[in-house]
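Raw contents of entry32.csv, CSV, C-alpha atoms:
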chain,number,residue,atom,x,y,z
N,1,MET,CA,11.3,-6.8,-22.2
N,2,ALA,CA,12.0,-3.1,-21.5
N,3,VAL,CA,11.9,-0.5,-18.7
N,4,LYS,CA,10.5,2.9,-19.5
N,5,THR,CA,10.4,5.7,-16.9
N,6,PHE,CA,8.3,8.9,-17.1
N,7,ASP,CA,8.2,12.0,-14.9
N,8,LEU,CA,5.0,13.9,-14.2
N,9,HIS,CA,4.9,17.3,-12.5
N,10,ILE,CA,1.8,18.5,-10.7
N,11,ASN,CA,1.0,21.7,-8.9
N,12,THR,CA,-1.1,21.1,-5.8
N,13,LYS,CA,-2.8,23.2,-3.2
N,14,GLY,CA,-1.9,20.9,-0.3
N,15,PHE,CA,-4.3,20.2,2.6
N,16,CYS,CA,-5.6,16.9,1.2
N,17,ASP,CA,-5.6,17.9,-2.4
N,18,VAL,CA,-6.6,14.8,-4.3
N,19,ILE,CA,-5.6,15.0,-8.0
N,20,ASP,CA,-6.6,12.5,-10.8
N,21,ILE,CA,-3.5,11.5,-12.7
N,22,THR,CA,-5.0,8.6,-14.7
N,23,LEU,CA,-5.0,10.2,-18.1
N,24,LYS,CA,-1.4,11.2,-17.8
N,25,ILE,CA,-0.4,7.7,-16.8
N,26,SER,CA,-2.4,6.3,-19.8
N,27,LYS,CA,-0.5,8.6,-22.1
N,28,PHE,CA,2.8,7.4,-20.7
N,29,VAL,CA,1.7,3.8,-21.3
N,30,GLN,CA,0.9,4.6,-24.9
N,31,ASP,CA,4.2,6.3,-25.4
N,32,SER,CA,6.1,3.3,-23.9
N,33,ASN,CA,5.1,0.9,-26.6
N,34,ILE,CA,4.9,-1.7,-23.8
N,35,ARG,CA,1.7,-3.8,-24.0
N,36,ASP,CA,2.0,-6.1,-20.9
N,37,GLY,CA,3.7,-5.5,-17.6
N,38,ILE,CA,3.8,-3.7,-14.3
N,39,VAL,CA,3.1,0.1,-14.0
N,40,VAL,CA,4.5,1.5,-10.8
N,41,VAL,CA,3.2,4.9,-9.7
N,42,PHE,CA,5.4,6.5,-7.0
N,43,VAL,CA,5.5,9.9,-5.3
N,44,PRO,CA,8.9,11.0,-3.9
N,45,GLY,CA,8.4,13.0,-0.7
N,46,SER,CA,7.1,12.2,2.8
N,47,THR,CA,3.9,14.2,2.9
N,48,ALA,CA,1.9,12.8,-0.1
N,49,GLY,CA,0.5,9.4,-1.0
N,50,ILE,CA,-0.8,7.5,-4.0
N,51,THR,CA,-4.0,5.5,-4.1
N,52,THR,CA,-7.1,4.9,-6.3
N,53,ILE,CA,-10.6,6.3,-5.8
N,54,GLU,CA,-13.8,7.0,-7.8
N,55,TYR,CA,-13.0,10.6,-8.8
N,56,GLU,CA,-16.2,12.2,-7.7
N,57,SER,CA,-16.2,15.3,-5.5
N,58,GLY,CA,-18.5,13.9,-2.8
N,59,VAL,CA,-16.2,10.9,-2.0
N,60,LEU,CA,-13.1,13.0,-2.3
N,61,ASN,CA,-14.5,15.2,0.5
N,62,ASP,CA,-15.4,12.1,2.4
N,63,LEU,CA,-11.8,10.8,2.2
N,64,CYS,CA,-10.4,14.1,3.4
N,65,ARG,CA,-12.9,14.4,6.2
N,66,VAL,CA,-12.0,10.9,7.5
N,67,MET,CA,-8.3,11.7,7.3
N,68,GLU,CA,-9.0,14.8,9.3
N,69,LYS,CA,-10.8,12.7,11.9
N,70,LEU,CA,-8.1,10.0,12.1
N,71,VAL,CA,-5.1,12.2,11.9
N,72,PRO,CA,-6.3,15.7,12.9
N,73,SER,CA,-4.3,18.7,11.5
N,74,SER,CA,-4.9,20.6,14.8
N,75,GLU,CA,-3.4,18.1,17.2
N,76,ARG,CA,0.0,18.4,18.9
N,77,TYR,CA,2.7,16.6,16.9
N,78,GLU,CA,6.3,16.2,18.1
N,79,HIS,CA,7.5,16.8,14.5
N,80,ASN,CA,6.1,20.3,14.7
N,81,LEU,CA,7.8,21.0,18.0
N,82,ARG,CA,11.2,20.1,16.5
N,83,TRP,CA,10.9,21.5,13.0
N,84,GLY,CA,8.3,24.2,13.3
N,85,ASP,CA,6.9,23.6,9.9
N,86,GLY,CA,3.5,22.5,11.3
N,87,ASN,CA,3.0,19.5,9.0
N,88,GLY,CA,3.3,16.6,11.4
N,89,PHE,CA,-0.2,15.4,10.4
N,90,SER,CA,0.9,15.4,6.7
N,91,HIS,CA,3.7,13.1,7.4
N,92,VAL,CA,1.6,10.6,9.4
N,93,ARG,CA,-1.1,10.6,6.8
N,94,ALA,CA,1.4,9.9,4.0
N,95,SER,CA,3.0,7.0,5.9
N,96,LEU,CA,-0.4,5.4,6.5
N,97,MET,CA,-1.4,5.7,2.8
N,98,GLY,CA,1.9,4.7,1.3
N,99,PRO,CA,3.9,6.2,-1.6
N,100,SER,CA,3.3,3.6,-4.3
N,101,ILE,CA,0.8,1.4,-6.1
N,102,SER,CA,1.4,-1.2,-8.9
N,103,ILE,CA,-1.1,-1.6,-11.7
N,104,PRO,CA,-1.1,-4.5,-14.2
N,105,LEU,CA,-0.9,-3.4,-17.8
N,106,VAL,CA,-2.8,-6.0,-19.9
N,107,ASN,CA,-2.9,-6.0,-23.7
N,108,GLY,CA,-2.2,-2.2,-23.8
N,109,SER,CA,-4.7,-1.1,-21.1
N,110,LEU,CA,-4.3,-0.2,-17.5
N,111,SER,CA,-6.5,-2.8,-15.6
N,112,LEU,CA,-8.4,-0.2,-13.6
N,113,GLY,CA,-12.1,-0.5,-12.8
N,114,THR,CA,-14.6,1.7,-14.7
N,115,TRP,CA,-15.0,4.1,-11.7
N,116,GLN,CA,-11.4,3.8,-10.4
N,117,GLN,CA,-8.9,6.5,-10.9
N,118,VAL,CA,-5.3,6.8,-9.8
N,119,VAL,CA,-4.8,9.8,-7.5
N,120,LEU,CA,-2.0,11.8,-5.9
N,121,CYS,CA,-3.1,12.9,-2.4
N,122,ASP,CA,-1.1,15.9,-1.2
N,123,PHE,CA,-1.4,16.1,2.6
N,124,ASP,CA,1.2,18.9,3.1
N,125,ASN,CA,0.1,22.2,4.7
N,126,ARG,CA,1.0,24.3,1.6
N,127,GLY,CA,0.9,24.0,-2.1
N,128,ARG,CA,3.7,22.0,-3.7
N,129,THR,CA,5.0,21.2,-7.1
N,130,ARG,CA,5.1,17.4,-7.0
N,131,ARG,CA,7.1,15.0,-9.1
N,132,ILE,CA,5.5,11.6,-9.7
N,133,ILE,CA,7.4,8.8,-11.3
N,134,VAL,CA,5.6,6.3,-13.6
N,135,GLN,CA,7.7,3.3,-14.5
N,136,ILE,CA,6.6,0.5,-16.8
N,137,VAL,CA,8.4,-2.8,-16.9
N,138,GLY,CA,7.2,-5.3,-19.5
N,139,GLU,CA,7.1,-6.3,-23.1
G,1,MET,CA,12.1,-12.8,-18.9
G,2,ALA,CA,8.4,-13.0,-19.3
G,3,VAL,CA,5.1,-11.5,-18.3
G,4,LYS,CA,2.2,-13.8,-17.4
G,5,THR,CA,-1.2,-12.4,-16.4
G,6,PHE,CA,-4.0,-14.4,-14.8
G,7,ASP,CA,-7.6,-13.5,-13.9
G,8,LEU,CA,-9.4,-14.7,-10.8
G,9,HIS,CA,-13.1,-14.3,-10.2
G,10,ILE,CA,-14.5,-14.4,-6.7
G,11,ASN,CA,-18.0,-14.1,-5.4
G,12,THR,CA,-18.2,-12.0,-2.2
G,13,LYS,CA,-20.8,-11.0,0.4
G,14,GLY,CA,-19.5,-7.5,0.7
G,15,PHE,CA,-19.7,-5.7,4.1
G,16,CYS,CA,-16.0,-6.3,4.9
G,17,ASP,CA,-15.8,-9.8,3.4
G,18,VAL,CA,-12.2,-10.9,3.7
G,19,ILE,CA,-11.3,-13.8,1.4
G,20,ASP,CA,-8.1,-15.8,1.3
G,21,ILE,CA,-6.8,-16.0,-2.3
G,22,THR,CA,-3.3,-17.3,-1.6
G,23,LEU,CA,-3.9,-20.8,-3.0
G,24,LYS,CA,-5.2,-19.4,-6.3
G,25,ILE,CA,-2.2,-17.2,-6.6
G,26,SER,CA,0.2,-20.1,-5.9
G,27,LYS,CA,-1.5,-22.1,-8.6
G,28,PHE,CA,-1.0,-19.2,-11.1
G,29,VAL,CA,2.6,-19.0,-10.1
G,30,GLN,CA,3.0,-22.7,-10.8
G,31,ASP,CA,1.3,-22.4,-14.2
G,32,SER,CA,3.5,-19.4,-15.1
G,33,ASN,CA,6.7,-21.4,-15.2
G,34,ILE,CA,8.4,-18.3,-13.8
G,35,ARG,CA,10.7,-19.0,-10.8
G,36,ASP,CA,11.9,-15.5,-9.8
G,37,GLY,CA,10.2,-12.1,-10.1
G,38,ILE,CA,7.5,-9.8,-8.9
G,39,VAL,CA,3.9,-11.0,-8.3
G,40,VAL,CA,1.4,-8.1,-8.4
G,41,VAL,CA,-2.0,-8.7,-7.0
G,42,PHE,CA,-4.5,-6.0,-8.0
G,43,VAL,CA,-8.3,-5.5,-7.6
G,44,PRO,CA,-10.1,-3.3,-10.2
G,45,GLY,CA,-12.9,-1.3,-8.6
G,46,SER,CA,-13.0,1.4,-5.9
G,47,THR,CA,-14.7,-0.4,-3.0
G,48,ALA,CA,-12.3,-3.3,-2.3
G,49,GLY,CA,-8.7,-3.6,-1.3
G,50,ILE,CA,-5.8,-6.1,-1.2
G,51,THR,CA,-3.6,-6.8,1.8
G,52,THR,CA,-2.1,-9.7,3.8
G,53,ILE,CA,-3.3,-11.1,7.2
G,54,GLU,CA,-3.2,-14.2,9.3
G,55,TYR,CA,-6.3,-15.9,8.0
G,56,GLU,CA,-7.9,-16.7,11.4
G,57,SER,CA,-11.5,-15.8,12.0
G,58,GLY,CA,-10.7,-13.9,15.2
G,59,VAL,CA,-8.4,-11.4,13.6
G,60,LEU,CA,-10.6,-11.1,10.5
G,61,ASN,CA,-13.4,-9.9,12.9
G,62,ASP,CA,-10.9,-7.6,14.6
G,63,LEU,CA,-9.9,-6.0,11.3
G,64,CYS,CA,-13.5,-5.4,10.3
G,65,ARG,CA,-14.4,-4.0,13.7
G,66,VAL,CA,-11.5,-1.5,13.5
G,67,MET,CA,-12.6,-0.5,10.0
G,68,GLU,CA,-16.1,0.0,11.3
G,69,LYS,CA,-14.7,2.2,14.1
G,70,LEU,CA,-12.4,4.3,11.8
G,71,VAL,CA,-14.8,4.6,8.8
G,72,PRO,CA,-18.3,3.9,10.2
G,73,SER,CA,-20.9,2.6,7.7
G,74,SER,CA,-23.6,4.6,9.4
G,75,GLU,CA,-22.1,8.1,9.2
G,76,ARG,CA,-23.1,10.7,6.7
G,77,TYR,CA,-21.1,10.6,3.5
G,78,GLU,CA,-21.3,13.1,0.7
G,79,HIS,CA,-20.9,10.3,-1.8
G,80,ASN,CA,-24.2,8.9,-0.6
G,81,LEU,CA,-26.0,12.2,-0.9
G,82,ARG,CA,-24.9,12.5,-4.6
G,83,TRP,CA,-25.3,8.9,-5.8
G,84,GLY,CA,-27.7,7.3,-3.4
G,85,ASP,CA,-25.9,4.0,-3.4
G,86,GLY,CA,-25.1,4.2,0.3
G,87,ASN,CA,-21.5,2.9,0.0
G,88,GLY,CA,-19.5,6.0,0.7
G,89,PHE,CA,-17.8,4.2,3.6
G,90,SER,CA,-16.8,1.4,1.2
G,91,HIS,CA,-15.0,3.8,-1.1
G,92,VAL,CA,-13.1,5.5,1.8
G,93,ARG,CA,-12.0,2.2,3.3
G,94,ALA,CA,-10.7,0.9,-0.1
G,95,SER,CA,-8.7,4.1,-0.7
G,96,LEU,CA,-7.1,3.8,2.7
G,97,MET,CA,-6.1,0.2,2.2
G,98,GLY,CA,-5.1,0.4,-1.4
G,99,PRO,CA,-5.8,-1.8,-4.5
G,100,SER,CA,-2.4,-3.6,-4.9
G,101,ILE,CA,0.4,-5.5,-3.2
G,102,SER,CA,3.7,-6.8,-4.7
G,103,ILE,CA,5.2,-10.1,-3.5
G,104,PRO,CA,8.6,-11.3,-4.4
G,105,LEU,CA,8.7,-14.8,-6.1
G,106,VAL,CA,11.9,-16.5,-5.1
G,107,ASN,CA,13.0,-19.8,-6.4
G,108,GLY,CA,9.5,-20.8,-7.3
G,109,SER,CA,7.8,-19.8,-4.0
G,110,LEU,CA,5.8,-16.8,-2.9
G,111,SER,CA,7.9,-15.2,-0.1
G,112,LEU,CA,5.0,-15.0,2.4
G,113,GLY,CA,5.4,-15.7,6.1
G,114,THR,CA,4.0,-18.9,7.5
G,115,TRP,CA,0.9,-17.2,8.9
G,116,GLN,CA,0.5,-14.6,6.2
G,117,GLN,CA,-2.2,-15.0,3.6
G,118,VAL,CA,-3.1,-12.7,0.7
G,119,VAL,CA,-6.7,-11.4,1.0
G,120,LEU,CA,-9.3,-9.5,-0.9
G,121,CYS,CA,-11.3,-7.2,1.4
G,122,ASP,CA,-14.6,-6.4,-0.2
G,123,PHE,CA,-15.9,-3.3,1.6
G,124,ASP,CA,-19.0,-2.7,-0.6
G,125,ASN,CA,-22.5,-2.8,0.8
G,126,ARG,CA,-23.6,-5.7,-1.3
G,127,GLY,CA,-22.3,-8.9,-2.7
G,128,ARG,CA,-20.1,-8.6,-5.8
G,129,THR,CA,-18.4,-10.8,-8.3
G,130,ARG,CA,-14.9,-9.5,-8.1
G,131,ARG,CA,-12.2,-9.8,-10.7
G,132,ILE,CA,-8.6,-9.9,-9.4
G,133,ILE,CA,-5.6,-9.7,-11.6
G,134,VAL,CA,-2.4,-11.6,-10.8
G,135,GLN,CA,0.5,-10.6,-12.9
G,136,ILE,CA,4.0,-12.2,-12.7
G,137,VAL,CA,7.1,-10.5,-14.3
G,138,GLY,CA,10.3,-12.5,-14.1
G,139,GLU,CA,12.3,-15.4,-15.4
D,1,MET,CA,16.8,-7.7,-18.0
D,2,ALA,CA,17.5,-9.5,-14.8
D,3,VAL,CA,15.9,-10.4,-11.4
D,4,LYS,CA,18.1,-10.0,-8.3
D,5,THR,CA,16.8,-10.9,-4.8
D,6,PHE,CA,18.4,-9.9,-1.5
D,7,ASP,CA,17.6,-10.8,2.1
D,8,LEU,CA,18.0,-8.5,5.0
D,9,HIS,CA,17.8,-9.5,8.6
D,10,ILE,CA,16.9,-7.0,11.3
D,11,ASN,CA,16.5,-7.3,15.1
D,12,THR,CA,13.6,-5.2,16.3
D,13,LYS,CA,12.1,-4.3,19.7
D,14,GLY,CA,8.5,-4.7,18.5
D,15,PHE,CA,5.8,-2.3,19.9
D,16,CYS,CA,5.9,0.0,16.8
D,17,ASP,CA,9.6,-0.1,16.3
D,18,VAL,CA,10.3,1.9,13.1
D,19,ILE,CA,13.6,1.1,11.5
D,20,ASP,CA,15.3,2.8,8.6
D,21,ILE,CA,16.4,0.3,6.0
D,22,THR,CA,17.2,2.7,3.2
D,23,LEU,CA,21.0,2.4,3.2
D,24,LYS,CA,20.8,-1.4,3.1
D,25,ILE,CA,18.5,-1.3,0.1
D,26,SER,CA,20.8,1.2,-1.6
D,27,LYS,CA,23.7,-1.3,-1.1
D,28,PHE,CA,21.7,-4.1,-2.6
D,29,VAL,CA,20.9,-1.9,-5.6
D,30,GLN,CA,24.6,-1.2,-6.1
D,31,ASP,CA,25.4,-4.9,-5.8
D,32,SER,CA,22.7,-5.8,-8.3
D,33,ASN,CA,24.3,-4.0,-11.3
D,34,ILE,CA,20.8,-3.1,-12.3
D,35,ARG,CA,20.4,0.6,-13.3
D,36,ASP,CA,16.7,0.9,-14.1
D,37,GLY,CA,13.7,-1.1,-12.9
D,38,ILE,CA,11.4,-1.8,-10.0
D,39,VAL,CA,12.6,-2.3,-6.4
D,40,VAL,CA,10.1,-4.3,-4.3
D,41,VAL,CA,10.5,-4.2,-0.5
D,42,PHE,CA,8.5,-6.9,1.2
D,43,VAL,CA,8.2,-8.1,4.8
D,44,PRO,CA,7.1,-11.7,5.4
D,45,GLY,CA,4.9,-12.0,8.5
D,46,SER,CA,1.6,-10.6,9.6
D,47,THR,CA,2.6,-8.2,12.3
D,48,ALA,CA,4.9,-5.8,10.5
D,49,GLY,CA,4.5,-3.3,7.6
D,50,ILE,CA,6.7,-1.4,5.1
D,51,THR,CA,6.2,2.3,4.3
D,52,THR,CA,8.2,5.5,3.9
D,53,ILE,CA,8.7,8.4,6.3
D,54,GLU,CA,11.0,11.2,7.2
D,55,TYR,CA,13.3,9.4,9.6
D,56,GLU,CA,13.2,12.0,12.4
D,57,SER,CA,12.4,10.9,16.0
D,58,GLY,CA,9.5,13.4,16.5
D,59,VAL,CA,7.5,12.1,13.5
D,60,LEU,CA,8.3,8.5,14.4
D,61,ASN,CA,6.7,9.1,17.8
D,62,ASP,CA,3.7,10.8,16.1
D,63,LEU,CA,3.2,7.8,13.8
D,64,CYS,CA,3.2,5.4,16.7
D,65,ARG,CA,0.9,7.6,18.8
D,66,VAL,CA,-1.6,7.8,16.0
D,67,MET,CA,-1.4,4.0,15.5
D,68,GLU,CA,-2.0,3.5,19.3
D,69,LYS,CA,-5.1,5.8,19.0
D,70,LEU,CA,-6.5,4.2,15.9
D,71,VAL,CA,-5.7,0.5,16.8
D,72,PRO,CA,-5.2,0.5,20.6
D,73,SER,CA,-3.0,-2.2,22.1
D,74,SER,CA,-5.2,-2.4,25.2
D,75,GLU,CA,-8.5,-3.1,23.5
D,76,ARG,CA,-10.2,-6.5,23.4
D,77,TYR,CA,-9.3,-8.4,20.2
D,78,GLU,CA,-10.9,-11.7,19.3
D,79,HIS,CA,-7.5,-12.9,18.1
D,80,ASN,CA,-6.2,-12.7,21.6
D,81,LEU,CA,-9.1,-14.7,23.0
D,82,ARG,CA,-8.4,-17.5,20.6
D,83,TRP,CA,-4.6,-17.6,20.6
D,84,GLY,CA,-3.6,-15.9,23.8
D,85,ASP,CA,-0.6,-14.2,22.3
D,86,GLY,CA,-2.0,-10.7,23.0
D,87,ASN,CA,-0.9,-9.2,19.6
D,88,GLY,CA,-4.3,-8.8,17.9
D,89,PHE,CA,-3.6,-5.0,17.6
D,90,SER,CA,-0.3,-5.9,15.8
D,91,HIS,CA,-2.0,-7.9,13.2
D,92,VAL,CA,-4.6,-5.2,12.4
D,93,ARG,CA,-2.0,-2.5,12.2
D,94,ALA,CA,0.1,-4.6,9.8
D,95,SER,CA,-2.9,-5.3,7.5
D,96,LEU,CA,-3.8,-1.6,7.4
D,97,MET,CA,-0.3,-0.5,6.5
D,98,GLY,CA,0.5,-3.3,4.1
D,99,PRO,CA,3.6,-5.5,3.6
D,100,SER,CA,5.1,-4.0,0.5
D,101,ILE,CA,6.1,-0.9,-1.4
D,102,SER,CA,7.6,-0.6,-4.9
D,103,ILE,CA,10.2,2.1,-5.7
D,104,PRO,CA,11.4,3.0,-9.2
D,105,LEU,CA,15.1,2.6,-9.7
D,106,VAL,CA,16.2,5.3,-12.2
D,107,ASN,CA,19.7,5.6,-13.6
D,108,GLY,CA,21.2,3.7,-10.7
D,109,SER,CA,19.3,5.7,-7.9
D,110,LEU,CA,16.3,4.9,-5.8
D,111,SER,CA,13.8,7.7,-6.6
D,112,LEU,CA,13.1,8.6,-3.0
D,113,GLY,CA,12.6,12.2,-1.9
D,114,THR,CA,15.4,13.9,0.1
D,115,TRP,CA,13.6,13.5,3.4
D,116,GLN,CA,12.0,10.1,2.6
D,117,GLN,CA,13.3,6.9,4.0
D,118,VAL,CA,12.1,3.3,3.6
D,119,VAL,CA,11.1,1.8,7.0
D,120,LEU,CA,10.2,-1.5,8.5
D,121,CYS,CA,7.4,-0.9,11.2
D,122,ASP,CA,7.4,-3.8,13.6
D,123,PHE,CA,4.0,-3.8,15.4
D,124,ASP,CA,4.4,-7.0,17.3
D,125,ASN,CA,4.3,-7.1,21.1
D,126,ARG,CA,7.8,-8.5,21.4
D,127,GLY,CA,11.2,-8.2,19.8
D,128,ARG,CA,11.6,-10.2,16.6
D,129,THR,CA,14.3,-11.0,14.1
D,130,ARG,CA,12.7,-9.9,10.8
D,131,ARG,CA,13.6,-11.0,7.4
D,132,ILE,CA,13.0,-8.4,4.6
D,133,ILE,CA,13.1,-9.2,1.0
D,134,VAL,CA,14.4,-6.7,-1.5
D,135,GLN,CA,13.9,-7.7,-5.1
D,136,ILE,CA,15.0,-5.7,-8.2
D,137,VAL,CA,13.7,-6.4,-11.6
D,138,GLY,CA,15.2,-4.4,-14.4
D,139,GLU,CA,18.2,-3.8,-16.7
Would you kindly transcribe this structure into C-alpha cells?
Amino acid sequence: MAVKTFDLHINTKGFCDVIDITLKISKFVQDSNIRDGIVVVFVPGSTAGITTIEYESGVLNDLCRVMEKLVPSSERYEHNLRWGDGNGFSHVRASLMGPSISIPLVNGSLSLGTWQQVVLCDFDNRGRTRRIIVQIVGE
Amino acid sequence: MAVKTFDLHINTKGFCDVIDITLKISKFVQDSNIRDGIVVVFVPGSTAGITTIEYESGVLNDLCRVMEKLVPSSERYEHNLRWGDGNGFSHVRASLMGPSISIPLVNGSLSLGTWQQVVLCDFDNRGRTRRIIVQIVGE
Amino acid sequence: MAVKTFDLHINTKGFCDVIDITLKISKFVQDSNIRDGIVVVFVPGSTAGITTIEYESGVLNDLCRVMEKLVPSSERYEHNLRWGDGNGFSHVRASLMGPSISIPLVNGSLSLGTWQQVVLCDFDNRGRTRRIIVQIVGE
C-alpha cells in the first residue's frame, strides 16, 4: 500500500469555466505505479468545484445556464456587501457542488464511464490559476 | 491494509429512479473481511448520481419533484440539439449531484444513520443497466 | 499504512445551521500521526450535509437564502404528509448536498485553501446533537 500525491495547475477564465482534467489524472495514475485504490480529486479554494460530465460543449453550456438560473450572478449577496469582491454567487455555487470526488482505480484504470470526464468548474468572477490535488491511495 | 473492489449491476427505469443499494454494499463489506476503512461508492456514466436519503416513498417523490423544478426535463437543452437523445436534463442533474460518496467503515459497520440509505439516482430518460463500483480500502 | 477514526459531537440549532469544524478535524489529524492520506468527513443522518465554504457570515446567509429559494421550507412535501415531522425540505437539501467530502492530507496538513473551511450544514427543523465521523487512511 502506498500514498502518492500530485499537483495540477490550471489557468481558468472563471465565470463557470468547465475544464476537462481527465487526461492529467490518468497520467498521474500511470506515474503512481498504483493499480488498485482510491483516487481523490480535490480543489483548494471556495469558488470552484469538482464533478464529472460528458465533455461536450452543448451540455457544458446547459450546466452553466442552470447554475445561472439557480444561483444568479446578478442577485444581491451579503458576501458582496461585506467584501466588495462581487463573487458571492461563486461561493454559493462551489458549496453546492462540493470540492471533491473519489474515483475507484481498478486494475490500473480509472473506472469512469465512456462519456464521463472529470472536470474542474471555476465559478469565480475572474480568471484564476487553480491548484488541483490528485491523491492515490492503494497498492 | 487491503483494497477490495466489487461490482454491482442494477436495472433501472430511468426518469429519477432512486434505488436503495445499502444492503448490497453491506454484503460486499462483509465479504471483504475489512473492518475499518473507506468505502467508496461510484457510478460510471454521466446521467446518474450517488447520494444518501431516508428511503421512504414520500421523500423520494419530493426529491424527484424538486429536481424537476430545478432542472426541468421539458426545457430546451443545447445537448439535445446536438445529440438528439433528449437527455440534457439528465446530464445536468447528474453533474450537480455528483458520482461518488465515501462512507467510513468502523469496526465492521457502515457508519450510516438509522434512517439513511445509500441510493443510486438514475436521471436518464430511459431504463438502463447500471454498473456501480464499491471499493473498500482499509484493514 | 493505518486507519484512524475519530468522532465529533456538535450541538446545532437546525434550520440551515452552518458550523465550522475545520479546527476539530485538524486536531484529529495531528492526533492520528498520519502525514499523508485521505481524510473522509461524513455525517450520519439524512437531514444534514458536509461541504466547504469561506466561513464568513455574509456568505453563510447567502447559502441559506439560496437553499430556501431552491428547496423552500414552506412548500408541500409528501414526506410531511406521511410522517408529520415537517422536515421534508431538510431531507431533500441533505440529499442534494451529500453527506461526505474527502480531503487530501499532504505532509501533515489538510490541503484546504486559505479561505476554505469544512462545514456541517444542519438542515433539520430543530436543534440536533450531530455525530460527525472523521476517518484518516494513510501513512
Exercise. Output the contact residues of chain G with respect to chain D at a cut-off of 8 Å, based on all atoms listed in the file, as number ranges by chain.
Key: G: 1, 36-38, 51-54, 56-59, 61-63, 66, 70, 96-97, 101-104, 106, 111-116, 138-139
Exercise. Excluding Tyr55 (chain D) and residues on its chain fewer than 4 positions from it, collect all residues at most 9 Å away from it, counting all atoms listed in the file, and give them as number ranges by chain.
Key: D: 18-20, 59-60, 115-119
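Counting from CA of Leu8 (chain D), the distance to CA of Thr22 (chain G) is 24.0 Å.
If you look at CA of Arg65 (chain N) and CA of Phe15 (chain D), they are 28.6 Å away from each other.
In this model, the gap between CA of Val29 (chain G) and CA of Asn107 (chain N) comes to 19.6 Å.
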